[in-house]
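Here the structure comes first, spelled out in structure tokens, and everything after it is commentary.
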Amino acid sequence: MKRIGLGARIRSLFSGGKIDEALIENLEDILIEADVGSRLAAEIVADVEAMAGRSADRSEILQALTRRMSESLHAITLEPAPDAPLTLYLVLGVNGTGKTTSCAKLARYYRDECGVNGVVLAAGDTFRAAAVQQLVTHGERLGIRVVQQGQNADPAAVIFDALESAKSRGERLVIADTAGRMHTRTDLVGQLAKIDKVVRRQIDPAHYRKIMVIDSTTGQNGFQQAELFHEAVGVDAAILAKYDSTAKGGIAVQISRSLGIPFAFLGTGEGYEHLLRFSAETYLNRLIGDMESSEIDDDAPA
Ligand SMILES: Nc1nc2c(ncn2[C@@H]2O[C@H](COP(=O)(O)OP(=O)(O)OP(=O)(O)O)[C@@H](O)[C@H]2O)c(=O)[nH]1
Ligand SMILES: [Mg+2]
């Protein structure tokens, strides 16, 4: 899949060579369109303007841009501690962001790439029968055990069951899916807080993380989602999903900078292996791209 990256747009902006007021305004617009957020966009542009005074060239401008964005990004490595008997990752977010797919990707990643012995999936989205089935299907394809109690079961009970059975089997990581819920629905977000409260009694908080999945194609709305979930339950880390499907994705900078939520992974496709560990470099390479190439090829190895 090809997309026109920010870098290509910025490159064409500077192709005339002359750095004037119109160009600076255009740069600000491009950054805002990429969901970097108006405040940070203004800061970056102020940097560029300062450089323009001493006739900066294109590569210097890209450097300033990359540096400013990098400074705003927090990355986190999420891995079960080697000495932890059991770790729980609770995956949450609004509807359709990529939670269930991310649960499956995480299960594969921890088993195959981190060598975690005993990874279990918990079907904590009990709102729809199809949601349970979706996770069960992933489990079958991956050869990973899925704990489920069917539709309408209490999600906290499903996760409890997963933790208890994992303990007795000596398994080390439970990844729990949850139902998608609108961030604006306080009752639904409240239910999540309840799950969190119940679960906290069963697992050592040092080995329990809440991971929010943000859909990079939803734009500015992703910021409000993160803000409200963070207020309600405290988000430990985020996954920026569907990063392959947009030339935007600047929302991660805003979320990281304003809310202090670190990013752990990037979702870069629908396949199980389409999960990259988040780093400012990987993220910005894809967002801004290489000034020398006009397109980012998502099929290329990361
Ligand atoms: N291109 C692309 N598609 C993705 C990615 N992650 C998830 N998807 C797709 O997004 C759609 C929704 O994914 P789900 O995992 O079902 O999302 P969800 O958050 O569990 O949805 P609900 O349970 O309905 O709230 C599916 O078609 C996935 O294949 C990604 O990183 N890239
Ligand atoms: Mg789901």
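Naming scheme: A, B, ... for chains in displayed order of the structure tokens; residues 1 onward per chain; ligands 1 onward as shown.
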Give me, as number ranges by chain, all polymer residues having an atom no more than 9 Å from range 111-119 of chain A, counting only C-alpha atoms and skipping those fewer than 4 positions away in the same chain. A: 79-80, 82, 106-107, 144-145, 166, 169-175
Using only C-alpha atoms, which residues sit within 8 Å of Gly37 in chain A once same-chain residues fewer than 5 positions away are excluded, as a VMD selection string? chain A and resid 31 to 32 220 250 to 251 254
Please report the interatomic distance between CA of Ile159 in chain A and CA of Val199 in chain A in Å with one decimal.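 Atom-to-atom, CA of Ile159 in chain A to CA of Val199 in chain A, that is 7.4 Å.
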For ligand 2, return the neighbouring residues as a VMD selection string (distance at most 12 Å; only C-alpha atoms and all ligand atoms). chain A and resid 91 to 104 122 to 136 138 176 to 181 213
Every residue of range 106-258 of chain A that DSSP places in alpha helix (DSSP H), as a PyMOL selection string: chain A and resi 106-108+129-142+155-169+186-200+221-233+251-258
Give me, as a list of chain:residue names, the residues of range 48-98 of chain A that a backbone DSSP run labels strand (DSSP E). A:Thr87, A:Leu88, A:Tyr89, A:Leu90, A:Val91, A:Leu92
Excluding same-chain residues fewer than 3 positions from Arg39 in chain A, what lies within 12 Å of it counting only C-alpha atoms, as a VMD selection string? chain A and resid 28 to 29 31 to 32 35 to 36 42 to 46 253 to 254 257 to 258
Fewer than 3 positions away in the same chain doesn't count, so skip those; otherwise give me all residues within 8 Å of Arg209 in chain A, counting only C-alpha atoms, as a PDB file with C-alpha atoms, in the first residue's frame.
ATOM      1  CA  LEU A  88      -2.007  -9.114  32.763  1.00  0.00           C
ATOM      2  CA  TYR A  89      -2.452  -6.792  29.827  1.00  0.00           C
ATOM      3  CA  LEU A  90      -5.960  -5.343  29.637  1.00  0.00           C
ATOM      4  CA  PRO A 205      -0.314  -4.073  40.197  1.00  0.00           C
ATOM      5  CA  VAL A 235      -3.825   4.232  30.680  1.00  0.00           C
ATOM      6  CA  ASP A 236      -0.329   2.758  31.012  1.00  0.00           C
ATOM      7  CA  ALA A 237       0.526   2.455  27.337  1.00  0.00           C
TER       8      ALA A 237
END
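When only C-alpha atoms are used to measure the gap to Gly139 in chain A, the shortest distance among A:Lys105, A:Leu163, A:Ser168, A:Ile24 belongs to A:Lys105.
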Report, in Å to a single decimal, how far apart CA of Ile30 in chain A and CA of Ile288 in chain A are. 11.0 Å
